[in-house]
>>> print(open('coords21.txt').read())   # compact mmCIF, C-alpha atoms
# COMPACT_ATOMS: atom_id res chain seq x y z
CA MET A 12 189.28 -68.55 43.81
CA ASP A 13 188.68 -72.25 43.38
CA SER A 14 189.50 -73.84 40.05
CA SER A 15 190.02 -77.32 41.46
CA ALA A 16 187.45 -78.90 39.13
CA LEU A 17 189.14 -77.46 36.05
CA TYR A 18 192.52 -78.48 37.45
CA ARG A 19 191.34 -82.08 37.73
CA THR A 20 189.92 -81.94 34.21
CA VAL A 21 193.21 -80.76 32.74
CA THR A 22 195.41 -83.13 34.72
CA ASP A 23 193.09 -86.07 33.99
CA PHE A 24 193.41 -85.21 30.30
CA ALA A 25 197.20 -84.96 30.65
CA HIS A 26 197.36 -88.55 31.89
CA THR A 27 195.43 -89.77 28.83
CA THR A 28 197.89 -88.28 26.34
CA PRO A 29 200.66 -90.37 24.73
CA PRO A 30 203.95 -90.59 26.65
CA TRP A 31 205.75 -88.44 24.09
CA VAL A 32 203.22 -85.62 24.58
CA ARG A 33 203.73 -85.73 28.33
CA ALA A 34 207.49 -85.74 27.81
CA VAL A 35 207.28 -82.66 25.57
CA PHE A 36 205.21 -80.77 28.13
CA GLU A 37 207.53 -81.79 30.95
CA ALA A 38 210.52 -80.48 29.02
CA TRP A 39 208.68 -77.35 27.89
CA THR A 40 207.48 -76.36 31.35
CA GLU A 41 211.04 -76.77 32.66
CA TYR A 42 213.05 -75.14 29.89
CA GLY A 43 210.60 -73.18 27.74
CA LEU A 44 211.44 -69.85 29.36
CA LEU A 45 214.92 -70.11 27.87
CA LEU A 46 213.34 -69.25 24.51
CA PHE A 47 212.54 -65.80 25.87
CA GLY A 48 216.17 -65.45 26.91
CA LEU A 49 217.28 -66.13 23.36
CA LEU A 50 214.75 -63.61 22.07
CA PHE A 51 216.01 -60.97 24.52
CA ILE A 52 219.51 -61.39 23.11
CA SER A 53 218.29 -61.35 19.53
CA VAL A 54 216.23 -58.18 19.99
CA TRP A 55 219.12 -56.44 21.77
CA TRP A 56 221.55 -57.37 18.98
CA ARG A 57 219.09 -56.12 16.38
CA ALA A 58 218.68 -52.81 18.24
CA ARG A 59 222.45 -52.18 18.20
CA GLY A 60 222.23 -51.50 14.48
CA GLN A 61 219.29 -49.11 14.64
CA ALA A 62 219.70 -45.33 14.73
CA ASP A 63 216.68 -44.70 16.94
CA PRO A 64 217.82 -44.98 20.59
CA ARG A 65 214.27 -45.98 21.57
CA ALA A 66 214.83 -49.35 19.88
CA MET A 67 217.73 -50.06 22.22
CA ALA A 68 215.75 -48.76 25.20
CA LEU A 69 212.92 -51.19 24.45
CA ALA A 70 215.38 -54.05 23.93
CA VAL A 71 217.01 -53.41 27.31
CA LEU A 72 213.70 -52.93 29.08
CA ALA A 73 212.34 -56.30 27.94
CA PRO A 74 214.47 -58.40 30.33
CA LEU A 75 214.43 -55.70 33.02
CA ALA A 76 210.62 -55.54 33.05
CA THR A 77 210.49 -59.33 33.15
CA ALA A 78 212.81 -59.39 36.15
CA LEU A 79 210.66 -56.79 37.92
CA VAL A 80 207.57 -58.91 37.28
CA TYR A 81 209.30 -61.94 38.77
CA VAL A 82 210.02 -59.99 41.96
CA ALA A 83 206.41 -58.78 42.11
CA SER A 84 205.14 -62.32 41.58
CA GLU A 85 207.30 -63.58 44.44
CA LEU A 86 205.97 -60.85 46.70
CA VAL A 87 202.39 -61.85 45.92
CA LYS A 88 203.25 -65.52 46.53
CA SER A 89 204.64 -64.75 49.97
CA THR A 90 201.46 -62.84 50.83
CA VAL A 91 198.83 -65.28 49.56
CA ASP A 92 200.45 -68.56 50.73
CA GLU A 93 198.27 -70.79 48.55
CA GLU A 94 199.14 -74.49 48.74
CA ARG A 95 200.02 -76.30 45.53
CA PRO A 96 197.15 -78.25 43.95
CA CYS A 97 199.32 -81.34 43.68
CA ARG A 98 199.03 -81.56 47.48
CA ALA A 99 195.72 -79.81 48.12
CA VAL A 100 193.24 -81.19 45.57
CA ALA A 101 191.60 -84.38 46.80
CA GLY A 102 191.24 -87.12 44.23
CA ALA A 103 193.61 -85.51 41.69
CA LEU A 104 196.00 -87.69 39.76
CA PRO A 105 199.70 -87.27 40.62
CA PRO A 106 201.55 -84.46 38.81
CA LEU A 107 203.77 -85.29 35.85
CA VAL A 108 206.69 -83.51 37.51
CA PRO A 109 207.68 -83.45 41.21
CA CYS A 110 205.38 -81.33 43.33
CA PRO A 111 207.30 -78.27 44.59
CA PRO A 112 208.17 -78.37 48.30
CA TYR A 113 205.98 -76.92 50.99
CA GLY A 114 206.54 -73.17 51.19
CA ASP A 115 206.94 -72.81 47.43
CA TRP A 116 203.44 -71.39 47.12
CA SER A 117 201.15 -71.68 44.15
CA PHE A 118 199.55 -68.26 43.49
CA PRO A 119 200.43 -66.77 41.09
CA SER A 120 202.44 -68.91 38.71
CA ASN A 121 205.91 -67.40 38.38
CA HIS A 122 206.44 -69.13 35.05
CA SER A 123 203.23 -67.61 33.70
CA ALA A 124 204.05 -64.15 35.05
CA ILE A 125 207.52 -64.24 33.50
CA ALA A 126 206.12 -65.49 30.20
CA GLY A 127 203.41 -62.82 30.16
CA ALA A 128 205.88 -60.02 30.87
CA ALA A 129 208.43 -61.25 28.36
CA ALA A 130 205.78 -61.72 25.68
CA VAL A 131 204.45 -58.18 25.84
CA ALA A 132 207.84 -56.52 26.40
CA LEU A 133 209.31 -58.24 23.36
CA ALA A 134 206.21 -57.40 21.31
CA LEU A 135 206.57 -53.74 22.27
CA ALA A 136 210.19 -53.84 21.12
CA VAL A 137 209.45 -55.71 17.87
CA PRO A 138 205.67 -55.80 17.22
CA ARG A 139 205.73 -58.69 14.78
CA LEU A 140 207.23 -60.88 17.51
CA ALA A 141 203.79 -60.93 19.15
CA LEU A 142 202.85 -63.68 16.68
CA LEU A 143 205.45 -65.85 18.43
CA THR A 144 205.64 -64.58 21.99
CA VAL A 145 201.93 -64.51 22.82
CA PRO A 146 201.28 -68.17 21.86
CA VAL A 147 204.48 -69.19 23.64
CA ALA A 148 203.36 -67.42 26.83
CA LEU A 149 199.93 -69.06 26.66
CA LEU A 150 201.52 -72.45 26.13
CA MET A 151 203.83 -71.94 29.10
CA ALA A 152 200.89 -71.01 31.32
CA PHE A 153 198.88 -74.02 30.16
CA SER A 154 201.84 -76.33 30.72
CA ARG A 155 201.97 -75.41 34.41
CA VAL A 156 198.45 -76.77 34.85
CA PHE A 157 199.01 -79.69 32.46
CA VAL A 158 201.95 -81.04 34.48
CA GLY A 159 199.96 -80.58 37.69
CA VAL A 160 201.85 -77.95 39.67
CA HIS A 161 199.43 -74.99 39.38
CA TYR A 162 195.72 -74.27 39.45
CA PRO A 163 194.28 -72.69 36.28
CA HIS A 164 193.68 -69.44 38.18
CA ASP A 165 197.36 -69.36 39.17
CA ALA A 166 198.36 -69.49 35.52
CA ALA A 167 195.74 -67.00 34.36
CA MET A 168 196.53 -64.44 37.04
CA GLY A 169 200.25 -64.93 36.45
CA LEU A 170 199.78 -64.05 32.80
CA LEU A 171 197.65 -61.04 33.69
CA LEU A 172 200.14 -59.79 36.28
CA GLY A 173 203.07 -60.26 33.92
CA ALA A 174 201.43 -58.67 30.89
CA SER A 175 200.01 -55.65 32.75
CA LEU A 176 203.01 -54.84 34.93
CA GLY A 177 205.41 -55.55 32.07
CA THR A 178 203.54 -53.19 29.77
CA LEU A 179 203.37 -50.41 32.36
CA THR A 180 207.08 -50.73 33.13
CA VAL A 181 208.13 -50.56 29.50
CA LEU A 182 205.84 -47.63 28.65
CA ALA A 183 206.93 -45.68 31.73
CA LEU A 184 210.65 -46.12 31.23
CA ALA A 185 211.08 -46.24 27.45
CA SER A 186 211.49 -42.50 26.88
CA PRO A 187 213.91 -41.85 29.80
CA LEU A 188 216.02 -44.85 28.83
CA ALA A 189 216.04 -43.75 25.20
CA ARG A 190 217.58 -40.44 26.30
CA VAL A 191 220.17 -42.32 28.34
CA THR A 192 220.94 -44.51 25.33
CA ALA A 193 221.47 -41.48 23.11
CA ALA A 194 223.83 -39.96 25.69
CA VAL A 195 225.77 -43.20 26.02
CA ARG A 196 226.15 -43.49 22.26
CA ALA A 197 227.45 -39.93 22.11
CA SER A 198 229.90 -40.47 24.97
CA GLY A 199 232.40 -42.39 22.87
CA ASN A 200 233.12 -44.88 25.66
CA PRO A 201 234.11 -48.03 23.75
CA ALA A 202 232.40 -50.55 26.06
CA ALA A 203 229.22 -48.49 26.35
CA VAL A 204 229.05 -47.83 22.61
CA TRP A 205 229.62 -51.51 21.91
CA PHE A 206 226.66 -52.38 24.12
CA THR A 207 224.27 -49.77 22.70
CA GLY A 208 225.55 -49.80 19.12
CA ARG A 209 227.28 -47.13 17.07
CA ALA A 210 224.35 -45.91 15.01
CA ARG A 211 223.95 -42.69 17.04
CA ALA A 212 227.65 -42.27 17.78
CA ARG A 213 228.50 -41.99 14.08
CA GLN A 214 226.06 -39.13 13.68
CA GLY A 215 227.64 -37.29 16.61
>>> encode(input="coords21.txt", output="structure tokens")
Amino acid sequence: MDSSALYRTVTDFAHTTPPWVRAVFEAWTEYGLLLFGLLFISVWWRARGQADPRAMALAVLAPLATALVYVASELVKSTVDEERPCRAVAGALPPLVPCPPYGDWSFPSNHSAIAGAAAVALALAVPRLALLTVPVALLMAFSRVFVGVHYPHDAAMGLLLGASLGTLTVLALASPLARVTAAVRASGNPAAVWFTGRARARQG
């Protein structure tokens, strides 16, 4: 894949934007994934009060699936060994953030893969969250090209990897983990019941 021309178009555009826009994107690309962390906690806390153990299973699987996607993305990176565009694309303007060191390969974008996985996993747990998580994931992927550290195909394939593998992981493990959650709630163990919520334990 060669999306160098589109990379130059996006990064050229980035350099024409006002300084405050560049500053927002620089901060977003660095810290935006923390929003998904807050959503993971929020969805887990919400699930503690629900009687259906599947709600807790989906809440727990959201960060677990995202972590699995990160590992998969790293494995692909170590196989492909694609150089970063901020070093490889001739005639490109300098990136807005420091170019990652040699050996921190470009394909796929880890940020995009994580965002894609988190977006779909959270949407599977709480469907209405898709209205927030999907645009946030797209914005994260775009920001990686905007600041100059990834090709567009890195970001696109990162999103695709994250969304597909995240979905498969959640769908495959939701039912088994729901059964585990129900058993944990019925066990009466104080720490375990605190983590999963008491909704099922009261019925037992």
>>> closest_atom_pairs(input="coords21.txt", of="region 146-207 of chain A", to="region 93-108 of chain A", cutoff="9 Å", atoms="all atoms listed in the file", output="JSON lines")
{"residue": "A:Phe157", "atom": "CA", "partner": "A:Leu107", "partner_atom": "CA", "distance": 8.1}
{"residue": "A:Val158", "atom": "CA", "partner": "A:Leu107", "partner_atom": "CA", "distance": 4.8}
{"residue": "A:Gly159", "atom": "CA", "partner": "A:Pro106", "partner_atom": "CA", "distance": 4.3}
{"residue": "A:Val160", "atom": "CA", "partner": "A:Cys97", "partner_atom": "CA", "distance": 5.8}
{"residue": "A:His161", "atom": "CA", "partner": "A:Pro96", "partner_atom": "CA", "distance": 6.1}
{"residue": "A:Tyr162", "atom": "CA", "partner": "A:Pro96", "partner_atom": "CA", "distance": 6.2}
>>> residues_around(input="coords21.txt", residues="Ala126 (chain A)", least_positions_apart="6", cutoff="9 Å", atoms="only C-alpha atoms", output="number ranges by chain")
A: 44, 47, 77, 144-145, 147-149, 151-152, 169-170, 173-174
>>> atom_distance(input="coords21.txt", atom1="CA of Leu49 (chain A)", atom2="CA of Val32 (chain A)")
24.1 Å
>>> atom_distance(input="coords21.txt", atom1="CA of Pro163 (chain A)", atom2="CA of Ser14 (chain A)")
6.2 Å
>>> closest_residue(input="coords21.txt", among="A:Met168, A:Val21, A:Ile52, A:Ala134", to="Val71 (chain A)", atoms="all atoms listed in the file")
A:Ile52
>>> atom_distance(input="coords21.txt", atom1="CA of Pro138 (chain A)", atom2="CA of Ala83 (chain A)")
25.1 Å
>>> axis_aligned_box(input="coords21.txt", around="region 73-77 of chain A", padding_each_side="3 Å", output="AutoDock Vina command-line options")
--center_x 212.5 --center_y -57.4 --center_z 30.5 --size_x 10.0 --size_y 9.8 --size_z 11.2
>>> residues_around(input="coords21.txt", residues="Thr40 (chain A)", least_positions_apart="2", cutoff="8 Å", atoms="only C-alpha atoms", output="tab-separated table (two decimals) with C-alpha atoms, keeping the file's coordinate frame")
chain	number	residue	atom	x	y	z
A	36	PHE	CA	205.21	-80.77	28.13
A	37	GLU	CA	207.53	-81.79	30.95
A	38	ALA	CA	210.52	-80.48	29.02
A	42	TYR	CA	213.05	-75.14	29.89
A	43	GLY	CA	210.60	-73.18	27.74
A	44	LEU	CA	211.44	-69.85	29.36
A	151	MET	CA	203.83	-71.94	29.10
A	154	SER	CA	201.84	-76.33	30.72
A	155	ARG	CA	201.97	-75.41	34.41
A	158	VAL	CA	201.95	-81.04	34.48
>>> closest_residue(input="coords21.txt", among="A:Ala132, A:Val204, A:Leu150, A:Ala166", to="Ser120 (chain A)", atoms="all atoms listed in the file")
A:Ala166
>>> closest_atom_pairs(input="coords21.txt", of="region 92-166 of chain A", to="region 180-200 of chain A", cutoff="10 Å", atoms="all atoms listed in the file", output="CSV")
residue,atom,partner,partner_atom,distance
A:Ala128,CA,A:Thr180,CA,9.6
A:Val131,CA,A:Val181,CA,9.2
A:Ala132,CA,A:Val181,CA,6.7
A:Leu133,CA,A:Val181,CA,9.9
A:Leu135,CA,A:Val181,CA,8.1
A:Ala136,CA,A:Val181,CA,9.2
>>> residues_around(input="coords21.txt", residues="Ser84 (chain A)", least_positions_apart="4", cutoff="9 Å", atoms="all atoms listed in the file", output="count of residues only")
13
>>> closest_residue(input="coords21.txt", among="A:Gly208, A:Pro112, A:Pro74, A:Pro29", to="Leu50 (chain A)", atoms="all atoms listed in the file")
A:Pro74
>>> closest_residue(input="coords21.txt", among="A:Asp63, A:Ala130, A:Trp56, A:Trp116", to="Leu86 (chain A)", atoms="all atoms listed in the file")
A:Trp116
>>> closest_residue(input="coords21.txt", among="A:Pro146, A:Gly177, A:Thr22, A:Trp205", to="Gly60 (chain A)", atoms="all atoms listed in the file")
A:Trp205
